[in-house]
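Working notes, structure below.
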Amino acid sequence: MSISKFASKGLLEKRGYNPVASAYATSPNLKGSVYKASQLAGLIRKSRVQDAMLQLQFNRKSLSRHFIQTLNSAIANAENNAGLDIDNLYISEILVEKAFDLKRNHARGRGRSAMVKKHYVRVKILLKSL
């Protein structure tokens, strides 16, 4: 779900989204599986922004650099749009959803082919002030 779909259904308000005291950022299409992205999300969920950045910088998963970009975007949104103090921010919520699968054929023996799925995920990070 994109943020516009969240806003149209009122889901952000139900989850405690207040545009004055919080900020968010989304990454629509990241290459990787939902399981691997969920592992990273569980690592930094409900933690302070500085601690989450350290965890992601020293993580070896390839999705971690995309998470860093999304987190930096959310921090910039909090500072510029909502006027929040960066030192008091924590990650309130991380949503990891399946975006789509690219389907490709892989040639096999005897003239056959096998389907290869390349997975993509969607990530939304919601920051709040302490």
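Going through the structure tokens in order, the chains are called A, B, and so on, while each chain numbers its residues from 1 and the ligands are numbered from 1 in the order shown.
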Would you give me, as a Markdown table, each residue of region 68-110 of chain A having an atom within 7 Å of an atom of region 43-48 of chain A, along with its shortest atom pair and that distance in Å to one decimal, using only C-alpha atoms and sorting by chain and residue number?
| residue | atom | partner | partner_atom | distance |
| --- | --- | --- | --- | --- |
| A:Leu89 | CA | A:Arg48 | CA | 6.2 |
| A:Tyr90 | CA | A:Arg48 | CA | 4.1 |
| A:Ile91 | CA | A:Lys46 | CA | 5.1 |
| A:Ser92 | CA | A:Lys46 | CA | 5.5 |
| A:Glu93 | CA | A:Arg45 | CA | 6.5 |
| A:Ile94 | CA | A:Arg45 | CA | 6.6 |
Please list as a PDB file with N, CA and C atoms, in the first residue's frame every residue within 10 Å of region 114-126 of chain A, counting only C-alpha atoms and excluding residues in the same chain fewer than 3 positions away.
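Contents of the output file out.pdb:
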ATOM      1  N   MET A   1       0.832  -1.189   0.000  1.00  0.00           N
ATOM      2  CA  MET A   1       0.000   0.000   0.000  1.00  0.00           C
ATOM      3  C   MET A   1       0.867   1.238   0.000  1.00  0.00           C
ATOM      4  N   SER A   2       0.550   2.164  -0.803  1.00  0.00           N
ATOM      5  CA  SER A   2       1.270   3.423  -0.765  1.00  0.00           C
ATOM      6  C   SER A   2       0.642   4.323   0.301  1.00  0.00           C
ATOM      7  N   ILE A   3       1.301   5.436   0.558  1.00  0.00           N
ATOM      8  CA  ILE A   3       0.820   6.338   1.610  1.00  0.00           C
ATOM      9  C   ILE A   3      -0.525   6.930   1.235  1.00  0.00           C
ATOM     10  N   LEU A  12      -3.583   5.529   8.642  1.00  0.00           N
ATOM     11  CA  LEU A  12      -2.532   6.228   9.373  1.00  0.00           C
ATOM     12  C   LEU A  12      -3.058   6.830  10.663  1.00  0.00           C
ATOM     13  N   TYR A  17      -0.791   8.141  13.505  1.00  0.00           N
ATOM     14  CA  TYR A  17      -0.018   9.091  12.720  1.00  0.00           C
ATOM     15  C   TYR A  17      -0.556  10.491  12.942  1.00  0.00           C
ATOM     16  N   SER A  22       5.101  13.549  13.946  1.00  0.00           N
ATOM     17  CA  SER A  22       5.734  12.391  13.335  1.00  0.00           C
ATOM     18  C   SER A  22       6.019  12.670  11.865  1.00  0.00           C
ATOM     19  N   ALA A  23       6.834  11.799  11.290  1.00  0.00           N
ATOM     20  CA  ALA A  23       7.190  11.917   9.876  1.00  0.00           C
ATOM     21  C   ALA A  23       7.412  10.512   9.331  1.00  0.00           C
ATOM     22  N   TYR A  24       7.273  10.366   8.034  1.00  0.00           N
ATOM     23  CA  TYR A  24       7.447   9.051   7.426  1.00  0.00           C
ATOM     24  C   TYR A  24       8.178   9.178   6.092  1.00  0.00           C
ATOM     25  N   ALA A  25       8.646   8.031   5.609  1.00  0.00           N
ATOM     26  CA  ALA A  25       9.245   7.938   4.283  1.00  0.00           C
ATOM     27  C   ALA A  25       8.967   6.535   3.759  1.00  0.00           C
ATOM     28  N   THR A  26       8.834   6.424   2.456  1.00  0.00           N
ATOM     29  CA  THR A  26       8.578   5.128   1.830  1.00  0.00           C
ATOM     30  C   THR A  26       9.612   4.854   0.754  1.00  0.00           C
ATOM     31  N   SER A  27       9.875   3.586   0.538  1.00  0.00           N
ATOM     32  CA  SER A  27      10.660   3.118  -0.597  1.00  0.00           C
ATOM     33  C   SER A  27       9.790   2.126  -1.331  1.00  0.00           C
ATOM     34  N   PRO A  28       9.345   2.471  -2.529  1.00  0.00           N
ATOM     35  CA  PRO A  28       8.329   1.639  -3.167  1.00  0.00           C
ATOM     36  C   PRO A  28       8.821   0.289  -3.673  1.00  0.00           C
ATOM     37  N   ASN A  29       9.982   0.223  -4.306  1.00  0.00           N
ATOM     38  CA  ASN A  29      10.413  -1.032  -4.920  1.00  0.00           C
ATOM     39  C   ASN A  29      11.872  -1.308  -4.589  1.00  0.00           C
ATOM     40  N   LEU A  30      12.091  -2.201  -3.622  1.00  0.00           N
ATOM     41  CA  LEU A  30      13.435  -2.603  -3.251  1.00  0.00           C
ATOM     42  C   LEU A  30      13.641  -4.052  -3.620  1.00  0.00           C
ATOM     43  N   LYS A  31      14.781  -4.361  -4.227  1.00  0.00           N
ATOM     44  CA  LYS A  31      15.068  -5.726  -4.649  1.00  0.00           C
ATOM     45  C   LYS A  31      15.453  -6.551  -3.439  1.00  0.00           C
ATOM     46  N   GLY A  32      14.664  -7.577  -3.163  1.00  0.00           N
ATOM     47  CA  GLY A  32      14.921  -8.466  -2.039  1.00  0.00           C
ATOM     48  C   GLY A  32      13.627  -9.130  -1.601  1.00  0.00           C
ATOM     49  N   SER A  33      13.764 -10.155  -0.788  1.00  0.00           N
ATOM     50  CA  SER A  33      12.587 -10.885  -0.351  1.00  0.00           C
ATOM     51  C   SER A  33      11.977 -10.236   0.883  1.00  0.00           C
ATOM     52  N   VAL A  34      10.734 -10.561   1.132  1.00  0.00           N
ATOM     53  CA  VAL A  34      10.012 -10.026   2.282  1.00  0.00           C
ATOM     54  C   VAL A  34      10.638 -10.550   3.572  1.00  0.00           C
ATOM     55  N   TYR A  35      11.083 -11.775   3.566  1.00  0.00           N
ATOM     56  CA  TYR A  35      11.671 -12.375   4.763  1.00  0.00           C
ATOM     57  C   TYR A  35      12.936 -11.631   5.177  1.00  0.00           C
ATOM     58  N   LYS A  36      13.819 -11.353   4.213  1.00  0.00           N
ATOM     59  CA  LYS A  36      15.071 -10.667   4.530  1.00  0.00           C
ATOM     60  C   LYS A  36      14.817  -9.228   4.973  1.00  0.00           C
ATOM     61  N   ALA A  37      13.857  -8.567   4.328  1.00  0.00           N
ATOM     62  CA  ALA A  37      13.520  -7.201   4.725  1.00  0.00           C
ATOM     63  C   ALA A  37      12.877  -7.186   6.113  1.00  0.00           C
ATOM     64  N   SER A  38      12.086  -8.191   6.432  1.00  0.00           N
ATOM     65  CA  SER A  38      11.454  -8.268   7.749  1.00  0.00           C
ATOM     66  C   SER A  38      12.487  -8.509   8.848  1.00  0.00           C
ATOM     67  N   ALA A  41      13.946  -5.139   9.457  1.00  0.00           N
ATOM     68  CA  ALA A  41      12.957  -4.288  10.133  1.00  0.00           C
ATOM     69  C   ALA A  41      12.848  -4.661  11.601  1.00  0.00           C
ATOM     70  N   ARG A  45      13.316  -1.965  14.722  1.00  0.00           N
ATOM     71  CA  ARG A  45      11.988  -1.515  15.156  1.00  0.00           C
ATOM     72  C   ARG A  45      12.016  -1.062  16.614  1.00  0.00           C
ATOM     73  N   HIS A  66      19.597   0.288   1.398  1.00  0.00           N
ATOM     74  CA  HIS A  66      18.320   0.882   0.997  1.00  0.00           C
ATOM     75  C   HIS A  66      17.524   1.343   2.222  1.00  0.00           C
ATOM     76  N   PHE A  67      17.625   0.568   3.303  1.00  0.00           N
ATOM     77  CA  PHE A  67      16.983   0.976   4.548  1.00  0.00           C
ATOM     78  C   PHE A  67      17.608   2.266   5.081  1.00  0.00           C
ATOM     79  N   THR A  70      16.197   5.169   3.094  1.00  0.00           N
ATOM     80  CA  THR A  70      14.826   5.453   3.498  1.00  0.00           C
ATOM     81  C   THR A  70      14.790   6.131   4.867  1.00  0.00           C
ATOM     82  N   LEU A  71      15.630   5.667   5.780  1.00  0.00           N
ATOM     83  CA  LEU A  71      15.696   6.265   7.111  1.00  0.00           C
ATOM     84  C   LEU A  71      16.220   7.704   7.039  1.00  0.00           C
ATOM     85  N   SER A  73      15.846   9.709   4.532  1.00  0.00           N
ATOM     86  CA  SER A  73      14.741  10.485   3.970  1.00  0.00           C
ATOM     87  C   SER A  73      13.698  10.813   5.034  1.00  0.00           C
ATOM     88  N   ALA A  74      13.394   9.834   5.900  1.00  0.00           N
ATOM     89  CA  ALA A  74      12.424  10.069   6.970  1.00  0.00           C
ATOM     90  C   ALA A  74      12.965  11.102   7.971  1.00  0.00           C
ATOM     91  N   ILE A  75      14.271  11.053   8.239  1.00  0.00           N
ATOM     92  CA  ILE A  75      14.875  12.024   9.151  1.00  0.00           C
ATOM     93  C   ILE A  75      14.800  13.426   8.548  1.00  0.00           C
ATOM     94  N   ALA A  78      11.311  14.680   8.840  1.00  0.00           N
ATOM     95  CA  ALA A  78      10.992  15.075  10.215  1.00  0.00           C
ATOM     96  C   ALA A  78      11.581  16.441  10.538  1.00  0.00           C
ATOM     97  N   TYR A  90      12.592   8.423  17.302  1.00  0.00           N
ATOM     98  CA  TYR A  90      12.702   6.973  17.340  1.00  0.00           C
ATOM     99  C   TYR A  90      11.808   6.383  16.264  1.00  0.00           C
ATOM    100  N   ILE A  91      12.085   5.138  15.896  1.00  0.00           N
ATOM    101  CA  ILE A  91      11.320   4.466  14.847  1.00  0.00           C
ATOM    102  C   ILE A  91      10.077   3.878  15.484  1.00  0.00           C
ATOM    103  N   SER A  92       8.952   4.465  15.173  1.00  0.00           N
ATOM    104  CA  SER A  92       7.695   4.034  15.763  1.00  0.00           C
ATOM    105  C   SER A  92       7.167   2.778  15.074  1.00  0.00           C
ATOM    106  N   GLU A  93       7.275   2.760  13.758  1.00  0.00           N
ATOM    107  CA  GLU A  93       6.679   1.653  13.012  1.00  0.00           C
ATOM    108  C   GLU A  93       7.434   1.457  11.706  1.00  0.00           C
ATOM    109  N   ILE A  94       7.606   0.202  11.321  1.00  0.00           N
ATOM    110  CA  ILE A  94       8.163  -0.144  10.013  1.00  0.00           C
ATOM    111  C   ILE A  94       7.221  -1.145   9.376  1.00  0.00           C
ATOM    112  N   LEU A  95       6.764  -0.821   8.185  1.00  0.00           N
ATOM    113  CA  LEU A  95       5.923  -1.745   7.437  1.00  0.00           C
ATOM    114  C   LEU A  95       6.728  -2.315   6.281  1.00  0.00           C
ATOM    115  N   VAL A  96       6.753  -3.625   6.155  1.00  0.00           N
ATOM    116  CA  VAL A  96       7.406  -4.307   5.041  1.00  0.00           C
ATOM    117  C   VAL A  96       6.338  -5.107   4.323  1.00  0.00           C
ATOM    118  N   GLU A  97       6.147  -4.810   3.040  1.00  0.00           N
ATOM    119  CA  GLU A  97       5.110  -5.486   2.259  1.00  0.00           C
ATOM    120  C   GLU A  97       5.697  -5.999   0.960  1.00  0.00           C
ATOM    121  N   LYS A  98       5.067  -7.005   0.429  1.00  0.00           N
ATOM    122  CA  LYS A  98       5.465  -7.523  -0.875  1.00  0.00           C
ATOM    123  C   LYS A  98       4.982  -6.564  -1.950  1.00  0.00           C
ATOM    124  N   ALA A  99       5.873  -6.175  -2.861  1.00  0.00           N
ATOM    125  CA  ALA A  99       5.498  -5.248  -3.926  1.00  0.00           C
ATOM    126  C   ALA A  99       5.050  -6.034  -5.162  1.00  0.00           C
ATOM    127  N   PHE A 100       5.973  -6.744  -5.791  1.00  0.00           N
ATOM    128  CA  PHE A 100       5.645  -7.537  -6.971  1.00  0.00           C
ATOM    129  C   PHE A 100       6.765  -8.529  -7.209  1.00  0.00           C
ATOM    130  N   ASP A 101       6.554  -9.453  -8.135  1.00  0.00           N
ATOM    131  CA  ASP A 101       7.571 -10.414  -8.545  1.00  0.00           C
ATOM    132  C   ASP A 101       7.795 -10.284 -10.038  1.00  0.00           C
ATOM    133  N   LEU A 102       9.057 -10.193 -10.437  1.00  0.00           N
ATOM    134  CA  LEU A 102       9.385 -10.282 -11.857  1.00  0.00           C
ATOM    135  C   LEU A 102       9.534 -11.758 -12.192  1.00  0.00           C
ATOM    136  N   LYS A 103       8.871 -12.193 -13.234  1.00  0.00           N
ATOM    137  CA  LYS A 103       8.932 -13.604 -13.609  1.00  0.00           C
ATOM    138  C   LYS A 103       9.827 -13.749 -14.829  1.00  0.00           C
ATOM    139  N   ARG A 104      10.843 -14.586 -14.707  1.00  0.00           N
ATOM    140  CA  ARG A 104      11.787 -14.827 -15.782  1.00  0.00           C
ATOM    141  C   ARG A 104      11.897 -16.319 -16.022  1.00  0.00           C
ATOM    142  N   ASN A 105      12.223 -16.703 -17.255  1.00  0.00           N
ATOM    143  CA  ASN A 105      12.417 -18.110 -17.595  1.00  0.00           C
ATOM    144  C   ASN A 105      13.899 -18.436 -17.585  1.00  0.00           C
ATOM    145  N   HIS A 106      14.212 -19.587 -17.009  1.00  0.00           N
ATOM    146  CA  HIS A 106      15.578 -20.081 -16.950  1.00  0.00           C
ATOM    147  C   HIS A 106      15.635 -21.355 -17.778  1.00  0.00           C
ATOM    148  N   ALA A 107      16.538 -21.401 -18.745  1.00  0.00           N
ATOM    149  CA  ALA A 107      16.629 -22.562 -19.631  1.00  0.00           C
ATOM    150  C   ALA A 107      17.145 -23.775 -18.863  1.00  0.00           C
ATOM    151  N   ARG A 108      16.484 -24.912 -19.060  1.00  0.00           N
ATOM    152  CA  ARG A 108      16.865 -26.161 -18.419  1.00  0.00           C
ATOM    153  C   ARG A 108      17.221 -27.178 -19.504  1.00  0.00           C
ATOM    154  N   GLY A 109      17.515 -28.368 -19.088  1.00  0.00           N
ATOM    155  CA  GLY A 109      17.888 -29.402 -20.038  1.00  0.00           C
ATOM    156  C   GLY A 109      16.695 -29.933 -20.825  1.00  0.00           C
TER     157      GLY A 109
END
For a test of reading the model, state the distance in Å between CA of Ser113 (chain A) and CA of Ser62 (chain A), rounded to one decimal. 28.6 Å
Select from chain A everything DSSP, run on the backbone, classes as helix (DSSP H, G or I), then give the selection as an NGL selection string. :A and (3-9 or 11-14 or 34-44 or 49-57 or 63-80 or 86-88 or 109-111)
Å distance separating CA of Asp85 (chain A) from CA of Ser64 (chain A), one decimal place: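 So the answer is 24.2 Å.
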